[in-house]
$ cat structure-v7.cif   # mmCIF, C-alpha atoms and all ligand atoms
data_query
#
loop_
_atom_site.label_atom_id
_atom_site.label_comp_id
_atom_site.auth_asym_id
_atom_site.auth_seq_id
_atom_site.Cartn_x
_atom_site.Cartn_y
_atom_site.Cartn_z
CA MET A 65 100.04 41.70 40.11
CA ASP A 66 97.57 44.22 38.75
CA HIS A 67 95.75 45.53 41.79
CA SER A 68 95.08 48.89 40.23
CA ARG A 69 91.59 47.94 39.07
CA VAL A 70 90.11 47.82 42.53
CA SER A 71 90.76 50.21 45.41
CA LEU A 72 90.40 48.12 48.52
CA ALA A 73 90.72 51.12 50.80
CA SER A 74 87.60 52.72 49.33
CA ARG A 75 85.62 49.46 49.38
CA LEU A 76 86.37 48.67 53.01
CA PRO A 77 85.58 51.76 55.10
CA HIS A 78 85.66 49.69 58.31
CA VAL A 79 89.33 48.82 57.74
CA GLU A 80 92.02 51.42 58.51
CA GLY A 81 94.80 49.60 56.71
CA PHE A 82 97.85 47.48 57.56
CA ARG A 83 100.30 47.82 60.43
CA CYS A 84 103.69 46.10 60.53
CA VAL A 85 104.01 43.84 63.56
CA VAL A 86 107.76 44.49 63.77
CA CYS A 87 108.25 48.23 63.15
CA GLY A 88 104.71 49.55 63.54
CA ALA A 89 104.68 51.31 60.15
CA GLU A 90 101.18 51.82 58.76
CA TYR A 91 100.08 51.35 55.18
CA SER A 92 96.83 51.73 53.31
CA LEU A 93 95.23 48.58 51.91
CA ASP A 94 96.20 49.73 48.41
CA GLN A 95 99.85 50.40 49.25
CA VAL A 96 101.16 46.91 49.98
CA THR A 97 100.10 43.33 49.30
CA TYR A 98 102.11 41.02 51.56
CA VAL A 99 104.76 42.16 54.04
CA CYS A 100 106.23 45.43 55.31
CA PRO A 101 108.47 46.91 52.58
CA ALA A 102 110.78 48.32 55.27
CA CYS A 103 111.23 45.09 57.26
CA GLY A 104 111.03 42.44 54.54
CA PRO A 105 109.61 38.95 55.17
CA VAL A 106 109.84 39.13 58.98
CA GLY A 107 107.60 42.22 58.93
CA VAL A 108 104.19 40.58 58.69
CA LEU A 109 101.18 42.87 58.70
CA ASP A 110 98.11 43.21 60.87
CA VAL A 111 94.84 44.25 59.30
CA VAL A 112 93.77 47.22 61.43
CA TYR A 113 90.06 47.91 61.87
CA ALA A 114 88.27 51.17 62.55
CA TYR A 115 86.46 49.64 65.51
CA ASP A 116 84.37 52.77 66.02
CA ARG A 117 82.88 52.33 62.55
CA ILE A 118 81.68 48.80 63.32
CA PRO A 119 78.34 48.08 65.03
CA ALA A 120 79.18 47.26 68.65
CA ALA A 121 76.54 44.59 69.19
CA ARG A 122 77.84 41.09 69.80
CA PRO A 123 77.07 38.67 66.98
CA ASN A 124 74.14 36.40 67.57
CA GLY A 125 74.46 33.78 64.88
CA GLY A 126 75.09 30.73 67.03
CA ALA A 127 78.69 30.39 65.76
CA ARG A 128 77.43 28.47 62.74
CA SER A 129 80.14 29.61 60.32
CA MET A 130 83.39 31.58 60.12
CA TRP A 131 81.77 34.62 58.53
CA TYR A 132 81.67 37.34 61.16
CA ARG A 133 81.32 39.94 58.46
CA GLN A 134 81.65 43.02 60.68
CA LEU A 135 85.25 42.03 61.47
CA ALA A 136 86.17 40.59 58.07
CA PRO A 137 88.27 42.50 55.52
CA LEU A 138 85.52 42.18 52.93
CA SER A 139 82.99 44.53 51.40
CA ALA A 140 79.27 44.10 51.91
CA GLU A 141 79.00 42.79 48.32
CA ALA A 142 81.81 40.23 48.67
CA ARG A 143 81.18 36.78 47.24
CA LEU A 144 81.97 34.00 49.69
CA PRO A 145 83.18 30.50 48.83
CA ALA A 146 80.24 28.11 48.82
CA LEU A 147 81.64 25.59 51.31
CA ASN A 148 80.40 25.59 54.89
CA ILE A 149 83.56 26.58 56.75
CA GLY A 150 83.90 27.07 60.51
CA GLY A 151 81.03 26.57 62.89
CA THR A 152 83.02 23.63 64.24
CA PRO A 153 81.96 21.93 67.47
CA LEU A 154 83.31 22.85 70.88
CA TYR A 155 83.19 19.78 73.08
CA ASP A 156 83.25 19.72 76.83
CA ALA A 157 85.93 17.18 77.80
CA PRO A 158 85.28 16.27 81.44
CA ARG A 159 87.43 13.14 81.34
CA VAL A 160 90.42 15.11 80.10
CA ALA A 161 89.80 17.72 82.81
CA GLU A 162 89.64 15.01 85.44
CA THR A 163 92.77 13.22 84.23
CA LEU A 164 94.77 16.45 84.17
CA GLY A 165 93.26 17.86 87.36
CA LEU A 166 91.84 20.98 85.71
CA ALA A 167 88.58 22.80 86.34
CA ARG A 168 87.34 22.54 82.77
CA VAL A 169 88.66 21.50 79.39
CA TRP A 170 87.07 22.06 76.00
CA VAL A 171 88.15 20.70 72.66
CA LYS A 172 87.46 22.74 69.54
CA ASP A 173 87.41 20.25 66.68
CA ASP A 174 88.53 22.06 63.55
CA GLY A 175 89.19 18.76 61.82
CA ARG A 176 85.47 19.02 61.05
CA ASN A 177 86.02 21.60 58.33
CA PRO A 178 85.30 20.65 54.67
CA THR A 179 88.87 19.61 53.84
CA ALA A 180 89.39 18.33 57.39
CA SER A 181 91.64 21.05 58.74
CA PHE A 182 91.65 24.48 60.34
CA LYS A 183 93.33 25.90 57.23
CA ASP A 184 89.99 26.13 55.43
CA ARG A 185 89.38 29.32 57.40
CA ALA A 186 92.45 31.04 55.98
CA SER A 187 91.98 29.78 52.44
CA ALA A 188 88.34 30.84 52.37
CA MET A 189 89.23 34.35 53.51
CA VAL A 190 92.02 34.66 50.95
CA VAL A 191 89.81 33.36 48.14
CA ALA A 192 86.99 35.74 49.12
CA HIS A 193 89.57 38.51 49.00
CA ALA A 194 90.86 37.34 45.62
CA LEU A 195 87.29 37.43 44.27
CA GLU A 196 86.94 40.94 45.61
CA MET A 197 90.13 41.92 43.74
CA GLY A 198 89.21 40.12 40.52
CA ILE A 199 92.21 37.74 40.78
CA SER A 200 91.92 34.35 39.08
CA THR A 201 94.99 32.35 40.19
CA VAL A 202 95.94 31.78 43.80
CA ALA A 203 99.09 29.86 44.69
CA THR A 204 100.42 28.55 47.96
CA ALA A 205 103.27 26.64 49.48
CA SER A 206 102.17 24.31 52.21
CA THR A 207 103.10 21.29 54.25
CA GLY A 208 99.75 19.90 53.07
CA ASN A 209 96.73 21.21 54.94
CA ALA A 210 96.76 24.78 53.67
CA ALA A 211 97.18 23.40 50.18
CA ALA A 212 94.26 20.99 50.52
CA ALA A 213 92.21 23.83 51.94
CA LEU A 214 93.03 26.13 49.03
CA ALA A 215 92.38 23.38 46.50
CA GLY A 216 89.02 22.55 48.10
CA VAL A 217 87.87 26.14 48.42
CA CYS A 218 88.90 26.91 44.83
CA ALA A 219 87.06 23.81 43.59
CA ALA A 220 83.92 25.23 45.20
CA THR A 221 84.48 28.68 43.71
CA PRO A 222 84.02 29.18 39.96
CA GLY A 223 86.57 31.50 38.38
CA ILE A 224 89.49 30.81 40.73
CA ASN A 225 92.31 28.32 40.13
CA ALA A 226 94.80 26.96 42.62
CA THR A 227 98.46 26.14 42.07
CA ILE A 228 100.11 24.29 44.91
CA PHE A 229 103.71 23.77 45.97
CA VAL A 230 104.17 20.99 48.53
CA PRO A 231 107.23 19.08 49.65
CA ALA A 232 107.31 15.69 47.92
CA SER A 233 107.45 14.14 51.42
CA ALA A 234 103.92 15.34 52.36
CA PRO A 235 101.59 12.53 53.58
CA GLU A 236 99.84 10.69 50.77
CA ALA A 237 96.32 11.55 51.95
CA LYS A 238 97.09 15.25 51.69
CA ILE A 239 98.50 14.91 48.16
CA ALA A 240 95.49 12.81 47.20
CA GLN A 241 93.19 15.60 48.35
CA LEU A 242 94.96 18.13 46.14
CA LEU A 243 94.71 15.97 43.06
CA VAL A 244 91.08 15.05 43.71
CA TYR A 245 90.13 18.72 44.00
CA GLY A 246 91.78 19.35 40.63
CA ALA A 247 94.46 21.81 41.67
CA ARG A 248 97.70 22.12 39.72
CA VAL A 249 100.09 20.32 42.06
CA LEU A 250 103.86 20.67 42.03
CA LEU A 251 105.69 18.30 44.36
CA VAL A 252 108.88 20.09 45.33
CA GLU A 253 111.94 17.93 45.83
CA GLY A 254 113.01 19.78 48.93
CA THR A 255 111.76 21.03 52.27
CA TYR A 256 108.69 23.10 53.02
CA ASP A 257 110.98 26.12 53.17
CA ASP A 258 112.20 25.38 49.65
CA ALA A 259 108.59 25.08 48.47
CA PHE A 260 107.79 28.40 50.13
CA ASP A 261 110.62 30.28 48.41
CA LEU A 262 109.78 28.72 45.07
CA CYS A 263 106.12 29.73 45.38
CA TRP A 264 107.16 33.28 46.15
CA ASP A 265 109.37 33.50 43.04
CA VAL A 266 106.73 31.93 40.83
CA CYS A 267 104.03 34.35 42.04
CA GLU A 268 106.34 37.25 41.24
CA GLU A 269 107.05 35.82 37.78
CA PHE A 270 103.45 35.07 36.78
CA GLY A 271 101.60 37.71 38.77
CA TRP A 272 99.64 35.16 40.81
CA TYR A 273 98.24 35.87 44.24
CA ASN A 274 100.26 34.22 46.99
CA ARG A 275 98.23 32.68 49.81
CA SER A 276 101.28 31.31 51.62
CA THR A 277 101.06 31.45 55.36
CA GLY A 278 103.02 34.15 57.07
CA ILE A 279 103.11 36.59 54.22
CA ASN A 280 99.49 37.03 53.24
CA PRO A 281 97.90 39.22 55.92
CA PHE A 282 94.41 37.97 55.11
CA THR A 283 95.20 34.42 56.26
CA THR A 284 95.32 35.73 59.83
CA GLU A 285 91.92 37.33 59.28
CA GLY A 286 90.51 33.92 58.39
CA LYS A 287 92.26 32.14 61.23
CA LYS A 288 91.08 34.58 63.89
CA THR A 289 87.48 33.50 63.32
CA VAL A 290 88.06 30.42 65.47
CA SER A 291 88.34 32.72 68.49
CA PHE A 292 85.08 34.45 67.61
CA GLU A 293 83.34 31.08 67.51
CA LEU A 294 84.97 29.90 70.71
CA ALA A 295 83.83 32.99 72.60
CA GLU A 296 80.34 32.84 71.16
CA GLN A 297 80.04 29.13 71.98
CA LEU A 298 80.97 29.93 75.59
CA GLY A 299 78.38 32.71 75.86
CA TRP A 300 81.05 35.42 75.37
CA GLN A 301 83.12 34.15 78.25
CA THR A 302 86.72 33.24 77.56
CA PRO A 303 88.69 30.30 78.95
CA ASP A 304 91.72 31.05 81.11
CA VAL A 305 94.02 29.36 78.61
CA VAL A 306 93.93 28.37 74.94
CA VAL A 307 96.40 25.76 73.71
CA VAL A 308 97.45 25.74 70.06
CA SER A 309 100.10 23.74 68.20
CA VAL A 310 102.61 25.94 66.39
CA GLY A 311 104.62 25.52 63.20
CA ASP A 312 104.79 28.74 61.22
CA GLY A 313 103.03 30.49 64.08
CA SER A 314 100.16 31.80 62.05
CA ILE A 315 97.37 29.91 63.79
CA ILE A 316 98.36 31.14 67.23
CA GLY A 317 98.81 34.60 65.71
CA GLY A 318 95.31 34.39 64.27
CA VAL A 319 93.80 33.12 67.52
CA HIS A 320 95.40 36.09 69.28
CA LYS A 321 94.14 38.60 66.70
CA GLY A 322 90.62 37.28 67.16
CA PHE A 323 90.71 37.90 70.89
CA VAL A 324 92.31 41.33 70.44
CA ASP A 325 89.57 42.35 67.98
CA MET A 326 86.84 41.12 70.34
CA LEU A 327 88.34 42.92 73.32
CA ALA A 328 88.51 46.16 71.32
CA MET A 329 84.86 45.71 70.35
CA GLY A 330 83.84 45.07 73.96
CA TRP A 331 82.55 41.59 73.09
CA ILE A 332 84.80 39.95 75.71
CA GLU A 333 86.38 41.19 78.92
CA ARG A 334 89.76 39.51 78.80
CA VAL A 335 92.15 37.71 76.46
CA PRO A 336 93.14 34.15 77.48
CA ARG A 337 96.76 33.18 78.03
CA LEU A 338 97.93 31.50 74.85
CA ILE A 339 100.14 28.43 75.07
CA GLY A 340 101.95 27.47 71.87
CA VAL A 341 103.08 23.89 71.44
CA GLN A 342 106.00 22.97 69.23
CA ALA A 343 107.44 19.59 68.31
CA GLU A 344 110.89 18.98 69.76
CA GLY A 345 112.50 18.67 66.33
CA SER A 346 110.97 21.94 65.16
CA SER A 347 110.90 24.30 68.11
CA PRO A 348 112.65 27.56 67.24
CA LEU A 349 109.86 29.58 68.86
CA VAL A 350 110.28 27.78 72.20
CA GLU A 351 113.97 28.61 71.92
CA ALA A 352 113.32 32.26 71.06
CA TRP A 353 110.79 32.65 73.84
CA GLN A 354 113.10 31.11 76.44
CA HIS A 355 116.03 33.30 75.38
CA ASN A 356 113.95 36.41 74.92
CA LEU A 357 114.86 36.79 71.24
CA THR A 358 112.96 39.01 68.86
CA ALA A 359 111.53 37.70 65.60
CA GLN A 360 114.37 39.42 63.71
CA GLU A 361 117.01 37.69 65.81
CA MET A 362 115.73 34.16 65.14
CA LYS A 363 117.88 31.87 62.98
CA PRO A 364 116.63 28.93 60.90
CA VAL A 365 116.95 25.42 62.33
CA ASP A 366 116.81 22.06 60.59
CA ALA A 367 113.22 20.97 61.24
CA HIS A 368 112.05 17.38 61.51
CA THR A 369 109.00 15.98 63.27
CA ILE A 370 106.32 13.40 62.64
CA ALA A 371 103.81 16.26 62.94
CA ASP A 372 104.37 17.48 59.38
CA SER A 373 101.84 20.32 59.68
CA ILE A 374 103.96 22.03 62.32
CA SER A 375 107.37 21.41 60.83
CA SER A 376 109.01 24.75 60.10
CA GLY A 377 112.69 25.68 60.31
CA LEU A 378 112.12 29.42 60.49
CA PRO A 379 108.47 30.13 61.34
CA ARG A 380 107.14 32.63 58.82
CA ASP A 381 104.73 34.18 61.27
CA ARG A 382 107.24 34.26 64.12
CA ALA A 383 106.59 37.91 64.93
CA LYS A 384 102.87 37.28 65.44
CA ALA A 385 103.48 34.04 67.35
CA LEU A 386 105.93 35.60 69.80
CA ARG A 387 103.62 38.55 70.32
CA ALA A 388 100.64 36.25 70.95
CA VAL A 389 102.44 34.44 73.76
CA ARG A 390 104.26 37.45 75.24
CA GLU A 391 101.30 39.82 75.26
CA THR A 392 98.95 37.32 76.87
CA GLY A 393 101.40 36.10 79.53
CA GLY A 394 101.29 32.65 77.97
CA ALA A 395 104.09 30.21 77.21
CA PHE A 396 105.68 28.00 74.60
CA VAL A 397 106.15 24.34 75.41
CA ARG A 398 107.96 21.58 73.61
CA VAL A 399 106.75 18.00 73.13
CA SER A 400 108.55 14.99 71.68
CA ASP A 401 107.28 12.99 68.71
CA ASP A 402 106.59 10.15 71.17
CA GLN A 403 104.38 12.41 73.28
CA ILE A 404 102.55 13.49 70.12
CA ILE A 405 102.01 9.91 68.94
CA GLN A 406 100.79 8.87 72.38
CA ALA A 407 98.40 11.82 72.47
CA ILE A 408 96.52 10.68 69.34
CA PRO A 409 94.70 7.69 70.92
CA GLU A 410 94.55 9.34 74.35
CA LEU A 411 92.64 12.31 73.02
CA ALA A 412 90.49 10.14 70.76
CA GLN A 413 89.57 7.76 73.55
CA ALA A 414 88.76 10.54 76.02
CA THR A 415 86.77 12.76 73.66
CA GLY A 416 85.93 10.96 70.41
CA VAL A 417 88.07 13.45 68.47
CA PHE A 418 90.59 11.81 66.11
CA ALA A 419 93.38 14.29 65.49
CA GLU A 420 96.31 14.28 63.12
CA PRO A 421 99.73 14.54 64.83
CA ALA A 422 99.79 18.35 64.76
CA GLY A 423 96.30 18.44 66.24
CA ALA A 424 97.13 15.93 68.95
CA ALA A 425 100.28 17.95 69.68
CA ALA A 426 98.08 20.61 71.26
CA TYR A 427 96.73 18.04 73.71
CA ALA A 428 100.22 16.68 74.37
CA GLY A 429 101.28 20.27 74.98
CA LEU A 430 98.50 20.84 77.47
CA LYS A 431 99.72 17.81 79.43
CA GLN A 432 103.26 19.17 79.25
CA ALA A 433 102.14 22.64 80.37
CA VAL A 434 100.29 21.15 83.33
CA ALA A 435 103.40 19.12 84.25
CA GLU A 436 105.50 22.29 84.06
CA GLY A 437 103.04 24.12 86.34
CA ARG A 438 101.97 26.57 83.62
CA VAL A 439 98.26 25.88 84.12
CA ARG A 440 96.64 25.86 87.57
CA SER A 441 94.06 23.33 88.71
CA SER A 442 91.39 26.02 89.09
CA GLU A 443 91.69 27.05 85.46
CA SER A 444 89.70 26.35 82.32
CA VAL A 445 91.41 25.47 79.05
CA ALA A 446 90.38 25.21 75.41
CA VAL A 447 92.46 22.93 73.18
CA LEU A 448 92.38 23.62 69.47
CA VAL A 449 92.51 20.50 67.29
CA THR A 450 93.63 21.71 63.89
CA GLY A 451 93.31 18.66 61.66
CA SER A 452 91.60 15.29 61.32
CA GLY A 453 93.44 12.06 62.06
CA LEU A 454 92.33 10.72 58.68
CA LYS A 455 94.87 13.08 57.12
CA ASP A 456 97.75 10.92 58.26
CA ILE A 457 96.81 7.31 58.88
CA ARG A 458 100.40 6.12 58.86
CA SER A 459 101.22 8.18 61.94
CA ALA A 460 97.98 7.17 63.61
CA MET A 461 98.84 3.49 63.13
CA LYS A 462 102.11 4.05 64.98
CA SER A 463 100.12 5.13 68.02
CA VAL A 464 98.10 1.95 68.42
CA GLY A 465 98.72 -1.80 68.49
CA SER A 466 97.49 -4.04 65.70
CA ALA A 467 93.94 -5.38 65.72
CA VAL A 468 93.13 -8.97 66.70
CA ARG A 469 92.60 -11.29 63.75
CA VAL A 470 89.96 -14.01 63.99
CA THR A 471 88.58 -16.70 61.75
CA PRO A 472 84.90 -16.05 60.95
CA SER A 473 83.66 -18.28 63.77
CA LEU A 474 81.84 -17.73 67.06
CA GLU A 475 84.42 -19.92 68.70
CA ALA A 476 87.28 -17.64 67.75
CA VAL A 477 85.46 -14.58 69.14
CA ARG A 478 84.64 -16.46 72.33
CA ALA A 479 88.32 -17.17 72.79
CA VAL A 480 89.13 -13.47 72.42
CA VAL A 481 86.30 -12.22 74.67
CA ASN A 482 87.09 -14.76 77.39
CA GLY A 483 90.76 -13.90 77.17
ZN ZN B 1 108.03 46.97 59.31
#
$ encode --input "structure-v7.cif" --output "structure tokens"
Amino acid sequence: MDHSRVSLASRLPHVEGFRCVVCGAEYSLDQVTYVCPACGPVGVLDVVYAYDRIPAARPNGGARSMWYRQLAPLSAEARLPALNIGGTPLYDAPRVAETLGLARVWVKDDGRNPTASFKDRASAMVVAHALEMGISTVATASTGNAAAALAGVCAATPGINATIFVPASAPEAKIAQLLVYGARVLLVEGTYDDAFDLCWDVCEEFGWYNRSTGINPFTTEGKKTVSFELAEQLGWQTPDVVVVSVGDGSIIGGVHKGFVDMLAMGWIERVPRLIGVQAEGSSPLVEAWQHNLTAQEMKPVDAHTIADSISSGLPRDRAKALRAVRETGGAFVRVSDDQIIQAIPELAQATGVFAEPAGAAAYAGLKQAVAEGRVRSSESVAVLVTGSGLKDIRSAMKSVGSAVRVTPSLEAVRAVVNG
């Protein structure tokens, strides 16, 4: 890729550069594009800010969008995608708190983003960055949501095209979104991991910019904005615990980065404990956390879960995910597909938030964490719902019985109402 036209380092004086999460090596923004050259793919990079060059005042924008420009890796002149991303609602969930015996529970509904998932945050940041660099084609591998997000953001952004690699088994609604947004879609006859490797090779071959999760450091910078909003919505207080479902580990890594940035800026006083939730059939991070493995020591597993968005055999952002949980004194918990399915209507009926399986997994994980004694009754918890239930109707239908059929007559309804 020809990055020589634009020097990022000179355009972004508030950014120091990159730091490898695994070996700690530092690089300038112009030196590397994706991962640490010394560590390879496991060596994902942090974007490091010069906090002392950023105005210290807390933002005061009412958490209406994801653009907290002082802590974004963008220049003052950067063009932003035109969609309204972030600014998602944070709901108080007293019935959930009561059921689980907790002091307070909030639900952050990121299914309310333009393409109905949290991934809009990452795609918007990457596309803004691509515009800054004068890049015209962005590609990604995805289990579905990141792809839909990239396709949607690119559709709203003249001059940028999306090419998408998704496993052919992705839910129909997600594939429909890609096609409707006009992205070039390649259904890969293989797993997500196969799609990921293929996207990498293709980007190398054609010089495209790779947005894939876990290698593009700017995705984390988009994802972290959910923590900024959460803190601002709570008047710059932080909950005791934040619960996040985990596949590749990049959302929990982003959530963590957001809190770390805010702590360094003095916007908040403490970082919440982060609890990562994995599906039983795709839980290598639970395994690694329990056995005290490093990211480099982790081995791929054969992943399968109904929660397609968090299905990952070797989480790409495992270094950031392990760090997020270890540094905050949090935990990883494991939930079965049955627990996830059951959580969809439970969460919806207690809060009005209809989550896709991966989103409901966070709620199932909170229940599991409470059962395991990892959250105390005096504590407050925020649950991050990462995608809308409309993304995967087939799974949702498994969680509920069938509706009652009636003939169009008052009599028939009377019979139903009177039992
Ligand atoms: Zn490294």
$ residues_near_ligand --input "structure-v7.cif" --ligand "ligand ZN 1 (chain B)" --cutoff "9 Å" --atoms "only C-alpha atoms and all ligand atoms" --output "list in words"
Arg83, Cys84, Val85, Val86, Cys87, Gly88, Ala89, Glu90, Val99, Cys100, Pro101, Ala102, Cys103, Gly104, Val106, Gly107, Val108 and Leu109 of chain A
$ closest_residue --input "structure-v7.cif" --among "A:Gly150, A:Gly416, A:Pro137, A:Gly317" --to "His193 in chain A" --atoms "only C-alpha atoms"
A:Pro137
$ closest_residue --input "structure-v7.cif" --among "A:Val350, A:Ala146, A:Leu298, A:Ala446" --to "Arg382 in chain A" --atoms "all atoms listed in the file"
A:Val350
$ residues_around --input "structure-v7.cif" --residues "range 110-117 of chain A" --least-positions-apart "4" --cutoff "7 Å" --atoms "all atoms listed in the file" --output "ChimeraX atom specification"
/A:78-85,281,329
$ closest_atom_pairs --input "structure-v7.cif" --of "range 405-473 of chain A" --to "range 386-396 of chain A" --cutoff "10 Å" --atoms "all atoms listed in the file" --output "JSON lines"
{"residue": "A:Gly429", "atom": "CA", "partner": "A:Phe396", "partner_atom": "CA", "distance": 8.9}
{"residue": "A:Ala433", "atom": "CA", "partner": "A:Ala395", "partner_atom": "CA", "distance": 8.4}
{"residue": "A:Arg438", "atom": "CA", "partner": "A:Ala395", "partner_atom": "CA", "distance": 7.7}
{"residue": "A:Val439", "atom": "CA", "partner": "A:Gly394", "partner_atom": "CA", "distance": 9.6}
$ residues_near_point --input "structure-v7.cif" --point "(86.9, 30.2, 58.0)" --cutoff "8 Å" --atoms "all atoms listed in the file" --output "ChimeraX atom specification"
/A:129-131,149-150,182-189,286-287,289-290
$ residues_around --input "structure-v7.cif" --residues "Val365 in chain A" --least-positions-apart "4" --cutoff "8 Å" --atoms "only C-alpha atoms" --output "number ranges by chain"
A: 346, 348, 377-378
$ closest_atom_pairs --input "structure-v7.cif" --of "range 247-324 of chain A" --to "range 152-157 of chain A" --cutoff "12 Å" --atoms "all atoms listed in the file" --output "Markdown table"
| residue | atom | partner | partner_atom | distance |
| --- | --- | --- | --- | --- |
| A:Thr289 | CA | A:Thr152 | CA | 10.9 |
| A:Val290 | CA | A:Thr152 | CA | 8.5 |
| A:Ser291 | CA | A:Leu154 | CA | 11.3 |
| A:Phe292 | CA | A:Thr152 | CA | 11.5 |
| A:Glu293 | CA | A:Thr152 | CA | 8.1 |
| A:Leu294 | CA | A:Leu154 | CA | 7.2 |
| A:Ala295 | CA | A:Leu154 | CA | 10.3 |
| A:Glu296 | CA | A:Leu154 | CA | 10.4 |
| A:Gln297 | CA | A:Leu154 | CA | 7.2 |
| A:Leu298 | CA | A:Leu154 | CA | 8.8 |
$ atom_distance --input "structure-v7.cif" --atom1 "CA of Met197 in chain A" --atom2 "CA of Cys218 in chain A"
15.1 Å
$ atom_distance --input "structure-v7.cif" --atom1 "CA of Arg159 in chain A" --atom2 "CA of Ser181 in chain A"
24.3 Å
$ residues_around --input "structure-v7.cif" --residues "Gly345 in chain A" --least-positions-apart "3" --cutoff "7 Å" --atoms "all atoms listed in the file" --output "number ranges by chain"
A: 367-369
$ residues_near_point --input "structure-v7.cif" --point "(94.0, 19.3, 89.6)" --cutoff "10 Å" --atoms "all atoms listed in the file" --output "list of chain:residue names"
A:Ala161, A:Glu162, A:Thr163, A:Leu164, A:Gly165, A:Leu166, A:Ala167, A:Val434, A:Val439, A:Arg440, A:Ser441, A:Ser442, A:Glu443
$ atom_distance --input "structure-v7.cif" --atom1 "CA of Asp381 in chain A" --atom2 "CA of Ile239 in chain A"
24.1 Å
$ closest_residue --input "structure-v7.cif" --among "A:Tyr91, A:Phe260, A:Val202, A:His355" --to "Arg248 in chain A" --atoms "all atoms listed in the file"
A:Val202
$ closest_residue --input "structure-v7.cif" --among "A:Val305, A:Ala425, A:Ala385, A:Ala407" --to "Glu344 in chain A" --atoms "all atoms listed in the file"
A:Ala425
$ residues_around --input "structure-v7.cif" --residues "Leu147 in chain A" --least-positions-apart "3" --cutoff "8 Å" --atoms "all atoms listed in the file" --output "ChimeraX atom specification"
/A:178,217,220
$ closest_residue --input "structure-v7.cif" --among "A:Leu327, A:Ile405, A:Ile370, A:Val397" --to "Ser309 in chain A" --atoms "only C-alpha atoms"
A:Val397
$ closest_residue --input "structure-v7.cif" --among "A:Ser473, A:Ser459, A:Thr283, A:Gln413" --to "Val160 in chain A" --atoms "only C-alpha atoms"
A:Gln413
$ decode --input "structure-v7.cif" --residues "range 306-340 of chain A" --atoms "C-alpha atoms" --output "PDB file, in the first residue's frame"
ATOM      1  CA  VAL A 306     -18.780  -3.982  32.559  1.00  0.00           C
ATOM      2  CA  VAL A 307     -19.846  -7.203  30.834  1.00  0.00           C
ATOM      3  CA  VAL A 308     -18.952  -7.765  27.186  1.00  0.00           C
ATOM      4  CA  SER A 309     -19.331 -10.805  24.927  1.00  0.00           C
ATOM      5  CA  VAL A 310     -16.035 -11.908  23.389  1.00  0.00           C
ATOM      6  CA  GLY A 311     -15.138 -13.551  20.090  1.00  0.00           C
ATOM      7  CA  ASP A 312     -11.960 -12.098  18.627  1.00  0.00           C
ATOM      8  CA  GLY A 313     -11.536 -10.068  21.792  1.00  0.00           C
ATOM      9  CA  SER A 314     -11.399  -6.713  20.111  1.00  0.00           C
ATOM     10  CA  ILE A 315     -14.532  -5.227  21.653  1.00  0.00           C
ATOM     11  CA  ILE A 316     -13.410  -5.939  25.198  1.00  0.00           C
ATOM     12  CA  GLY A 317      -9.954  -4.679  24.213  1.00  0.00           C
ATOM     13  CA  GLY A 318     -11.530  -1.487  22.907  1.00  0.00           C
ATOM     14  CA  VAL A 319     -13.721  -1.034  25.971  1.00  0.00           C
ATOM     15  CA  HIS A 320     -10.584  -1.360  28.105  1.00  0.00           C
ATOM     16  CA  LYS A 321      -8.604   1.125  26.000  1.00  0.00           C
ATOM     17  CA  GLY A 322     -11.402   3.661  26.399  1.00  0.00           C
ATOM     18  CA  PHE A 323     -11.264   3.455  30.170  1.00  0.00           C
ATOM     19  CA  VAL A 324      -7.448   3.557  30.200  1.00  0.00           C
ATOM     20  CA  ASP A 325      -7.463   6.712  28.041  1.00  0.00           C
ATOM     21  CA  MET A 326     -10.056   8.367  30.282  1.00  0.00           C
ATOM     22  CA  LEU A 327      -8.147   7.495  33.443  1.00  0.00           C
ATOM     23  CA  ALA A 328      -4.963   8.961  31.971  1.00  0.00           C
ATOM     24  CA  MET A 329      -6.865  12.133  31.087  1.00  0.00           C
ATOM     25  CA  GLY A 330      -8.323  12.391  34.595  1.00  0.00           C
ATOM     26  CA  TRP A 331     -11.881  12.123  33.247  1.00  0.00           C
ATOM     27  CA  ILE A 332     -12.648   9.124  35.485  1.00  0.00           C
ATOM     28  CA  GLU A 333     -11.237   7.907  38.783  1.00  0.00           C
ATOM     29  CA  ARG A 334     -11.215   4.168  38.262  1.00  0.00           C
ATOM     30  CA  VAL A 335     -11.466   1.501  35.585  1.00  0.00           C
ATOM     31  CA  PRO A 336     -14.309  -1.037  35.997  1.00  0.00           C
ATOM     32  CA  ARG A 337     -13.630  -4.755  36.233  1.00  0.00           C
ATOM     33  CA  LEU A 338     -14.208  -6.197  32.790  1.00  0.00           C
ATOM     34  CA  ILE A 339     -15.981  -9.527  32.435  1.00  0.00           C
ATOM     35  CA  GLY A 340     -15.638 -11.228  29.059  1.00  0.00           C
TER      36      GLY A 340
END
